[in-house]
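Q: One structure, as structure tokens, below. Some questions next.
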Amino acid sequence: MTRIGFTPYLQSPGFKTELSAFVSSSSDGPEWESVELNRSEGFYEELYRYQYKAALQEGKKRFRLAISSIEAIGIEDYVSVGGLNVSDLRFGILIVSTSSRVRKFEKGTIQYDAKEKKVSINGEFIFDFENLSGNFEIEPVIILMTETKCPLTNVKVRPGTVIASGASIILENALKPDNLKDWFKFEWVNFKASPEFRADSRNDLDFELDPPVIYLDEDIANFHHIMNKIDNERGKQPKAVLARRAHDRLIAMDVLMRCVATVVENIREQVARRISEDPEFNEYDDIFDSLRQNERNFITYYPDIFADRSGVIDPRKLCSELAKASQSVIFQMLTKTIPRNINCKFSASDVVKDVQELAGYDND
Amino acid sequence: MTDVCLLKRNPKAVAEIQNYLREPSKAAIEVLEVGGARVSMPDLFNLHEKVLNEIRTSGAASEEEKKVAGDELLAREIHIGLSEVRRLAPWILNDGKFWSWLALFEFRDYALIRWCDGDEWLKDSSIPQPKDSKLDRFIMRPESVHSQSRHVIRRLYIYAECSFGFDGTYKHIPLMLQDLDVPGSVFERRLGLSPTLALMLIRSALKLTASPKTSSKKAVSARQKRRKFMREVNLLLSTVALETLDEREINSYLDQILVNI
């Protein structure tokens, strides 16, 4: 939804806004409590997320978003130089949700201070949690409602053109997985005695469940327990400690690789199915939406794992790239790029720690 | 009246759909309850019979046209029938478990006739089973507009919802069923999420017809032209918020794109 790049007319992508978010336990009362929006780093100039699943679980009924500008927006010349009336501009939010099948515009307020030559906007938008399902993408925009000429370039600008956009906000029906431990559930299984698991495997994954479950073979715990000697405070560590560390790290890496493989496999399956229906299929933009919620979360919250050297970490674009890629590129990614990313970029020690804590080593 | 139900888990793959079609008793189903009370909709058995009857007896010339007659009836009636669900439990309409229940149980015969050439392949193993892409139409992945617009029942609900959302009537459904490639190409994209925009796009896309081969140009199918048209509209949406405009203004933009296709 972010509108970046050059246009031959004056526009202000990423204008500064003040965002405040609130939730309420009542369906129509005036009581609101403030909640925090999580700022996402990376591919967008500014992007905020709010995971509403926790609020739903706490019985909250409504979400309120207040947006206002904090400085000149950057499109003032349309009014001050071009002579446009501020009523020919409209401020509001564009809302898109694929799950709830919504694509609409909700209006806010826009004003012009002739003395300071400054356009300002503000708006309050309320969402009933009962009507929310899946993700909602919200983009504050200022839209030109009449045909005019750009005051700087004299280019004709048509009605409906977005001439300014602020930081997007995504409402997600998820809990933010700060780390694997908070997101996944772990279960110990005796792989040799369980026919639904491969006897020679050490872990398995079910991304369908909520929360997703990582199954770990009991032998891992046994090995860890046997090797669980106390670390030396300094100097050379006992071989048992070194072996335990190496083993834990391998298991943790293996768990992450299995997550990656599951996501990539599903992306490729989706593409194969669409090509079987339509041999000329070549639009990959919505592959991201076809993934399971947990898979989307995995790509969204651990994009570094997938990123290639060009640093593409927009989840939607990343999915599209993985969908388009040839088999040899995918092979290269799965065998070289991603393992390297896991080893280098991703904090391996944190994963090991998460796996250990979740697996309950300390309770042995 | 029929109690609204849903499968206990969303089917993951077509193999599961095959299993449920062969042995329906294997599917675990639960009744939807809101605040301890069941949610009902008009008798689905009767509706299913009416739809099958429409397919069998409609005066349409071809088999495909007969199926489309059934589609039209079902689209309208399912949308009317789900009004109580929209009021009491709107989130269910985005739940794949609900739509799979409708496709696998309440409208099983319709779904099989519509997309799997009937159920003979379930009884006779020498008859090849339908392609995976056909059976995949029984699964609805909630976040995917592609999956929603292909689901055997959900797609019809979407057509009715679009028509109703536009002007409160169902009179636009026949237009959407005129050429199934058109609503498919609109609703499987995010631009089809706005009823007004979706309907304008369908009207415009129907104007695109195949161009025959000439001495200087290759033949171009209507489908190829529509795909190009949708790509152009998508590109336009990166700078223009069409959903904020009225019909006349949207049409002006779309006509300009049509001229260049």
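Just remember, in the structure tokens the first chain shown is A, the second B, etc., residues are 1-based per chain, and ligands are 1-based in the order shown.
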Against chain B, which residues of chain A fall within 8 Å? For each one I want the closest pair of atoms and the distance in Å (one decimal), counting only C-alpha atoms, rows by chain and increasing residue number, as CSV.
A:
residue,atom,partner,partner_atom,distance
A:Met1,CA,B:Ser238,CA,7.6
A:Arg3,CA,B:Ser238,CA,6.7
A:Val96,CA,B:Leu193,CA,7.9
A:Thr98,CA,B:Glu143,CA,5.4
A:Ser99,CA,B:Glu143,CA,4.4
A:Ser100,CA,B:Asn94,CA,6.3
A:Arg101,CA,B:Leu193,CA,5.3
A:Val102,CA,B:Leu193,CA,5.5
A:Arg103,CA,B:Ser194,CA,4.9
A:Lys104,CA,B:Glu243,CA,6.1
A:Phe105,CA,B:Thr244,CA,6.2
A:Glu130,CA,B:Trp91,CA,7.1
A:Asn131,CA,B:Pro90,CA,6.5
A:Leu132,CA,B:Trp91,CA,7.3
A:Ser133,CA,B:Trp91,CA,6.1
A:Gly134,CA,B:Glu143,CA,6.7
A:Asn135,CA,B:Glu143,CA,7.9
A:Ile143,CA,B:Ala241,CA,7.6
A:Pro159,CA,B:Leu245,CA,7.8
A:Gly160,CA,B:Val240,CA,5.1
A:Thr161,CA,B:Val240,CA,4.2
A:Val162,CA,B:Val240,CA,5.6
A:Arg273,CA,B:Ser133,CA,6.3
A:Arg274,CA,B:Ser133,CA,7.8
A:Ser276,CA,B:Ser133,CA,7.3
A:Glu277,CA,B:Ser133,CA,6.5
A:Asp286,CA,B:Ser144,CA,7.1
A:Ile287,CA,B:Ser144,CA,7.8
A:Asp289,CA,B:Ser144,CA,4.6
A:Ser290,CA,B:Ser144,CA,4.6
A:Leu291,CA,B:Ser144,CA,7.8
A:Arg292,CA,B:Arg141,CA,7.8
Q: Mind writing the picked residues with C-alpha atoms as a PDB file, in the first residue's frame?
A:
ATOM      1  CA  MET A   1       0.000   0.000   0.000  1.00  0.00           C
ATOM      2  CA  ARG A   3       3.161   4.844  -2.353  1.00  0.00           C
ATOM      3  CA  VAL A  96      -8.286  -3.197   2.681  1.00  0.00           C
ATOM      4  CA  THR A  98      -8.926  -9.736   2.040  1.00  0.00           C
ATOM      5  CA  SER A  99     -10.380 -11.957   4.756  1.00  0.00           C
ATOM      6  CA  SER A 100     -13.322  -9.659   5.491  1.00  0.00           C
ATOM      7  CA  ARG A 101     -13.538  -8.638   1.820  1.00  0.00           C
ATOM      8  CA  VAL A 102     -13.357  -4.921   2.465  1.00  0.00           C
ATOM      9  CA  ARG A 103     -11.916  -2.213   0.257  1.00  0.00           C
ATOM     10  CA  LYS A 104     -13.222   1.188   1.167  1.00  0.00           C
ATOM     11  CA  PHE A 105     -12.464   4.781   2.079  1.00  0.00           C
ATOM     12  CA  GLU A 130     -16.922  -8.403  15.996  1.00  0.00           C
ATOM     13  CA  ASN A 131     -16.637  -7.300  12.388  1.00  0.00           C
ATOM     14  CA  LEU A 132     -12.889  -7.793  12.126  1.00  0.00           C
ATOM     15  CA  SER A 133     -11.550 -10.978  10.669  1.00  0.00           C
ATOM     16  CA  GLY A 134      -7.997 -11.525   9.492  1.00  0.00           C
ATOM     17  CA  ASN A 135      -5.774  -8.588   8.660  1.00  0.00           C
ATOM     18  CA  ILE A 143      -6.982  12.554  -2.294  1.00  0.00           C
ATOM     19  CA  PRO A 159      -9.632  13.185  -9.535  1.00  0.00           C
ATOM     20  CA  GLY A 160      -8.948  10.283  -7.211  1.00  0.00           C
ATOM     21  CA  THR A 161      -5.185  10.800  -7.298  1.00  0.00           C
ATOM     22  CA  VAL A 162      -3.500  10.150  -3.968  1.00  0.00           C
ATOM     23  CA  ARG A 273      -1.863 -25.440  -8.648  1.00  0.00           C
ATOM     24  CA  ARG A 274      -2.542 -22.129 -10.340  1.00  0.00           C
ATOM     25  CA  SER A 276      -2.235 -26.295 -13.674  1.00  0.00           C
ATOM     26  CA  GLU A 277      -5.461 -24.266 -13.982  1.00  0.00           C
ATOM     27  CA  ASP A 286      -1.480 -12.511  -3.784  1.00  0.00           C
ATOM     28  CA  ILE A 287       0.478 -15.719  -3.100  1.00  0.00           C
ATOM     29  CA  ASP A 289      -2.465 -14.147   1.108  1.00  0.00           C
ATOM     30  CA  SER A 290      -2.835 -17.812   0.149  1.00  0.00           C
ATOM     31  CA  LEU A 291      -0.484 -18.917   2.902  1.00  0.00           C
ATOM     32  CA  ARG A 292      -1.611 -20.007   6.319  1.00  0.00           C
TER      33      ARG A 292
END
Q: Tell me which of A:Lys336, A:Asp285, A:Arg202, A:Ala323 sits closest to Asn234 (chain B), counting only C-alpha atoms.
A: A:Asp285
Q: Give me the residues near region 166-174 of chain B as JSON, numbers by chain, where near means some atom within 10 Å (using only C-alpha atoms) and where sequence neighbours in that chain fewer than 6 positions away do not count.
A: {"B": [68, 69, 71, 72, 73, 75, 76, 77, 79, 80, 156, 158, 159, 160, 194, 195, 196, 197, 198, 199]}
Q: Which residues, written as an MDAnalysis selection string, have at least one atom at most 12 Å from Asn46 (chain B), with only C-alpha atoms counted and residues fewer than 5 positions away on the same chain left out?
A: chainID B and resid 1:2 41 51:53 74 77:78 81 106:107
Q: Using N, CA and C atoms, can you write the selected residues to a file as a PDB file, in the first residue's frame?
A:
ATOM      1  N   MET B   1     -35.863 -25.138   8.963  1.00  0.00           N
ATOM      2  CA  MET B   1     -34.647 -24.355   9.213  1.00  0.00           C
ATOM      3  C   MET B   1     -33.455 -25.298   9.386  1.00  0.00           C
ATOM      4  N   THR B   2     -32.279 -24.810   9.056  1.00  0.00           N
ATOM      5  CA  THR B   2     -31.060 -25.614   9.210  1.00  0.00           C
ATOM      6  C   THR B   2     -30.144 -24.913  10.205  1.00  0.00           C
ATOM      7  N   MET B  41     -30.514 -20.946   9.528  1.00  0.00           N
ATOM      8  CA  MET B  41     -30.774 -20.349   8.225  1.00  0.00           C
ATOM      9  C   MET B  41     -31.881 -21.161   7.557  1.00  0.00           C
ATOM     10  N   VAL B  51     -32.093 -25.912  -6.440  1.00  0.00           N
ATOM     11  CA  VAL B  51     -30.958 -25.606  -7.335  1.00  0.00           C
ATOM     12  C   VAL B  51     -30.748 -26.770  -8.309  1.00  0.00           C
ATOM     13  N   LEU B  52     -30.792 -27.995  -7.786  1.00  0.00           N
ATOM     14  CA  LEU B  52     -30.597 -29.159  -8.656  1.00  0.00           C
ATOM     15  C   LEU B  52     -31.708 -29.223  -9.702  1.00  0.00           C
ATOM     16  N   ASN B  53     -32.917 -28.895  -9.263  1.00  0.00           N
ATOM     17  CA  ASN B  53     -34.054 -28.894 -10.177  1.00  0.00           C
ATOM     18  C   ASN B  53     -33.865 -27.851 -11.282  1.00  0.00           C
ATOM     19  N   LEU B  74     -28.740 -20.127  -6.759  1.00  0.00           N
ATOM     20  CA  LEU B  74     -28.049 -20.382  -5.490  1.00  0.00           C
ATOM     21  C   LEU B  74     -27.386 -19.112  -4.943  1.00  0.00           C
ATOM     22  N   GLU B  77     -30.167 -16.970  -3.348  1.00  0.00           N
ATOM     23  CA  GLU B  77     -30.810 -17.580  -2.187  1.00  0.00           C
ATOM     24  C   GLU B  77     -29.857 -17.755  -1.008  1.00  0.00           C
ATOM     25  N   ILE B  78     -28.596 -18.076  -1.307  1.00  0.00           N
ATOM     26  CA  ILE B  78     -27.646 -18.287  -0.202  1.00  0.00           C
ATOM     27  C   ILE B  78     -27.362 -16.947   0.490  1.00  0.00           C
ATOM     28  N   GLY B  81     -30.383 -16.242   2.542  1.00  0.00           N
ATOM     29  CA  GLY B  81     -30.429 -17.200   3.651  1.00  0.00           C
ATOM     30  C   GLY B  81     -29.431 -16.911   4.754  1.00  0.00           C
ATOM     31  N   GLU B 106     -24.089 -29.799   2.676  1.00  0.00           N
ATOM     32  CA  GLU B 106     -25.392 -29.225   2.329  1.00  0.00           C
ATOM     33  C   GLU B 106     -25.593 -29.083   0.816  1.00  0.00           C
ATOM     34  N   PHE B 107     -24.505 -28.801   0.074  1.00  0.00           N
ATOM     35  CA  PHE B 107     -24.647 -28.644  -1.383  1.00  0.00           C
ATOM     36  C   PHE B 107     -23.726 -29.608  -2.124  1.00  0.00           C
TER      37      PHE B 107
END
Q: My list of candidates is A:Ile126, A:Ile342, A:Val141, A:Leu89. Which is closest to Asp254 (chain A) when distances are computed with only C-alpha atoms?
A: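 Going through A:Ile126, A:Ile342, A:Val141, A:Leu89 one by one, the smallest distance to Asp254 (chain A) is for A:Ile342.
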Q: Pull the alpha helix (DSSP H) assignments for region 32-252 of chain A out of DSSP run on the backbone, and list those residues as a PyMOL selection string.
A: chain A and resi 53-57+77-80+180-183+218-226+239-252
Q: Using the selection just defined, write its residues with C-alpha atoms as a PDB file, in the first residue's frame.
A:
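So again-v6.pdb came out as:
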ATOM      1  CA  LYS A  53      -6.079 -11.191  19.126  1.00  0.00           C
ATOM      2  CA  ALA A  54      -5.008 -10.453  22.692  1.00  0.00           C
ATOM      3  CA  ALA A  55      -7.607  -7.666  22.973  1.00  0.00           C
ATOM      4  CA  LEU A  56     -10.289 -10.043  21.685  1.00  0.00           C
ATOM      5  CA  GLN A  57      -9.269 -12.636  24.248  1.00  0.00           C
ATOM      6  CA  ASP A  77       1.263  24.408  -2.879  1.00  0.00           C
ATOM      7  CA  TYR A  78      -1.847  22.904  -4.450  1.00  0.00           C
ATOM      8  CA  VAL A  79      -3.821  25.399  -2.337  1.00  0.00           C
ATOM      9  CA  SER A  80      -1.428  28.286  -1.759  1.00  0.00           C
ATOM     10  CA  LEU A 180       9.835 -18.636  18.951  1.00  0.00           C
ATOM     11  CA  LYS A 181       9.178 -19.392  22.591  1.00  0.00           C
ATOM     12  CA  ASP A 182       6.201 -17.006  22.720  1.00  0.00           C
ATOM     13  CA  TRP A 183       4.783 -18.253  19.484  1.00  0.00           C
ATOM     14  CA  GLU A 218      12.580 -37.383  23.220  1.00  0.00           C
ATOM     15  CA  ASP A 219      16.087 -38.504  22.310  1.00  0.00           C
ATOM     16  CA  ILE A 220      17.070 -34.856  22.128  1.00  0.00           C
ATOM     17  CA  ALA A 221      16.153 -34.401  25.770  1.00  0.00           C
ATOM     18  CA  ASN A 222      17.919 -37.624  26.690  1.00  0.00           C
ATOM     19  CA  PHE A 223      21.076 -36.549  24.933  1.00  0.00           C
ATOM     20  CA  HIS A 224      20.929 -33.102  26.463  1.00  0.00           C
ATOM     21  CA  HIS A 225      20.383 -34.569  29.905  1.00  0.00           C
ATOM     22  CA  ILE A 226      23.339 -36.932  29.632  1.00  0.00           C
ATOM     23  CA  LYS A 239      33.753 -32.350  25.721  1.00  0.00           C
ATOM     24  CA  ALA A 240      30.260 -33.078  26.992  1.00  0.00           C
ATOM     25  CA  VAL A 241      29.484 -29.372  27.209  1.00  0.00           C
ATOM     26  CA  LEU A 242      30.864 -28.727  23.711  1.00  0.00           C
ATOM     27  CA  ALA A 243      28.882 -31.665  22.329  1.00  0.00           C
ATOM     28  CA  ARG A 244      25.697 -30.484  24.032  1.00  0.00           C
ATOM     29  CA  ARG A 245      26.096 -26.953  22.679  1.00  0.00           C
ATOM     30  CA  ALA A 246      26.762 -28.192  19.149  1.00  0.00           C
ATOM     31  CA  HIS A 247      23.818 -30.551  19.322  1.00  0.00           C
ATOM     32  CA  ASP A 248      21.429 -27.921  20.693  1.00  0.00           C
ATOM     33  CA  ARG A 249      22.503 -25.524  17.997  1.00  0.00           C
ATOM     34  CA  LEU A 250      21.960 -28.123  15.286  1.00  0.00           C
ATOM     35  CA  ILE A 251      18.500 -28.897  16.570  1.00  0.00           C
ATOM     36  CA  ALA A 252      17.570 -25.225  16.760  1.00  0.00           C
TER      37      ALA A 252
END
Q: CA of Ser320 (chain A) and CA of Ile153 (chain B) are how many Å apart?
A: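 One can read the CA of Ser320 (chain A) to CA of Ile153 (chain B) distance as 27.9 Å.
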Q: Quick check for you: according to DSSP on this backbone, which residues of region 33-80 of chain B are classed as strand (DSSP E)? Reply as a ChimeraX atom specification.
A: /B:33-34,37-38,40-41
Q: Skip Ile305 (chain A) itself and residues of its chain fewer than 2 positions away, then list as a list in words all residues within 9 Å of it, counting only C-alpha atoms.
A: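 Near neighbours after the sequence-gap exclusion: Leu256, Val260, Ile299, Tyr302, Pro303, Ala307, Asp308, Thr337, Ile338, Pro339, Arg340, Asn341, Ile342, Lys345 and Phe346 of chain A.
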Q: Would you mind exporting the chosen residues as a PDB file, in the first residue's frame, restricted to N, CA and C atoms?
A:
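Generated output (result.pdb):
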ATOM      1  N   LEU A 256      14.356 -24.267  12.569  1.00  0.00           N
ATOM      2  CA  LEU A 256      14.140 -23.108  11.707  1.00  0.00           C
ATOM      3  C   LEU A 256      14.098 -23.499  10.235  1.00  0.00           C
ATOM      4  N   VAL A 260      11.164 -22.897   7.416  1.00  0.00           N
ATOM      5  CA  VAL A 260      11.409 -22.304   6.103  1.00  0.00           C
ATOM      6  C   VAL A 260      10.915 -23.240   5.004  1.00  0.00           C
ATOM      7  N   ILE A 299       7.090 -15.378   7.817  1.00  0.00           N
ATOM      8  CA  ILE A 299       7.784 -14.534   6.830  1.00  0.00           C
ATOM      9  C   ILE A 299       7.834 -13.083   7.305  1.00  0.00           C
ATOM     10  N   TYR A 302      10.213 -12.981  10.646  1.00  0.00           N
ATOM     11  CA  TYR A 302      11.593 -13.449  10.498  1.00  0.00           C
ATOM     12  C   TYR A 302      12.063 -13.268   9.055  1.00  0.00           C
ATOM     13  N   PRO A 303      11.867 -12.067   8.476  1.00  0.00           N
ATOM     14  CA  PRO A 303      12.216 -11.903   7.059  1.00  0.00           C
ATOM     15  C   PRO A 303      13.710 -12.058   6.798  1.00  0.00           C
ATOM     16  N   ALA A 307      15.954 -13.278   3.370  1.00  0.00           N
ATOM     17  CA  ALA A 307      16.497 -12.190   2.559  1.00  0.00           C
ATOM     18  C   ALA A 307      17.729 -12.609   1.781  1.00  0.00           C
ATOM     19  N   ASP A 308      17.757 -12.221   0.515  1.00  0.00           N
ATOM     20  CA  ASP A 308      18.958 -12.478  -0.270  1.00  0.00           C
ATOM     21  C   ASP A 308      19.879 -11.263  -0.129  1.00  0.00           C
ATOM     22  N   THR A 337      21.772 -19.910   0.760  1.00  0.00           N
ATOM     23  CA  THR A 337      21.438 -18.580   1.287  1.00  0.00           C
ATOM     24  C   THR A 337      20.769 -18.655   2.650  1.00  0.00           C
ATOM     25  N   ILE A 338      19.731 -19.488   2.742  1.00  0.00           N
ATOM     26  CA  ILE A 338      18.959 -19.492   3.984  1.00  0.00           C
ATOM     27  C   ILE A 338      19.756 -20.084   5.150  1.00  0.00           C
ATOM     28  N   PRO A 339      20.427 -21.231   4.958  1.00  0.00           N
ATOM     29  CA  PRO A 339      21.249 -21.703   6.084  1.00  0.00           C
ATOM     30  C   PRO A 339      22.283 -20.659   6.515  1.00  0.00           C
ATOM     31  N   ARG A 340      22.829 -19.934   5.502  1.00  0.00           N
ATOM     32  CA  ARG A 340      23.822 -18.907   5.851  1.00  0.00           C
ATOM     33  C   ARG A 340      23.143 -17.793   6.658  1.00  0.00           C
ATOM     34  N   ASN A 341      21.961 -17.399   6.206  1.00  0.00           N
ATOM     35  CA  ASN A 341      21.230 -16.352   6.937  1.00  0.00           C
ATOM     36  C   ASN A 341      20.943 -16.791   8.364  1.00  0.00           C
ATOM     37  N   ILE A 342      20.527 -18.035   8.501  1.00  0.00           N
ATOM     38  CA  ILE A 342      20.190 -18.528   9.841  1.00  0.00           C
ATOM     39  C   ILE A 342      21.432 -18.480  10.718  1.00  0.00           C
ATOM     40  N   LYS A 345      22.768 -14.037  10.237  1.00  0.00           N
ATOM     41  CA  LYS A 345      21.917 -12.894  10.574  1.00  0.00           C
ATOM     42  C   LYS A 345      21.047 -13.181  11.788  1.00  0.00           C
ATOM     43  N   PHE A 346      20.527 -14.396  11.812  1.00  0.00           N
ATOM     44  CA  PHE A 346      19.582 -14.711  12.860  1.00  0.00           C
ATOM     45  C   PHE A 346      20.342 -15.044  14.133  1.00  0.00           C
TER      46      PHE A 346
END
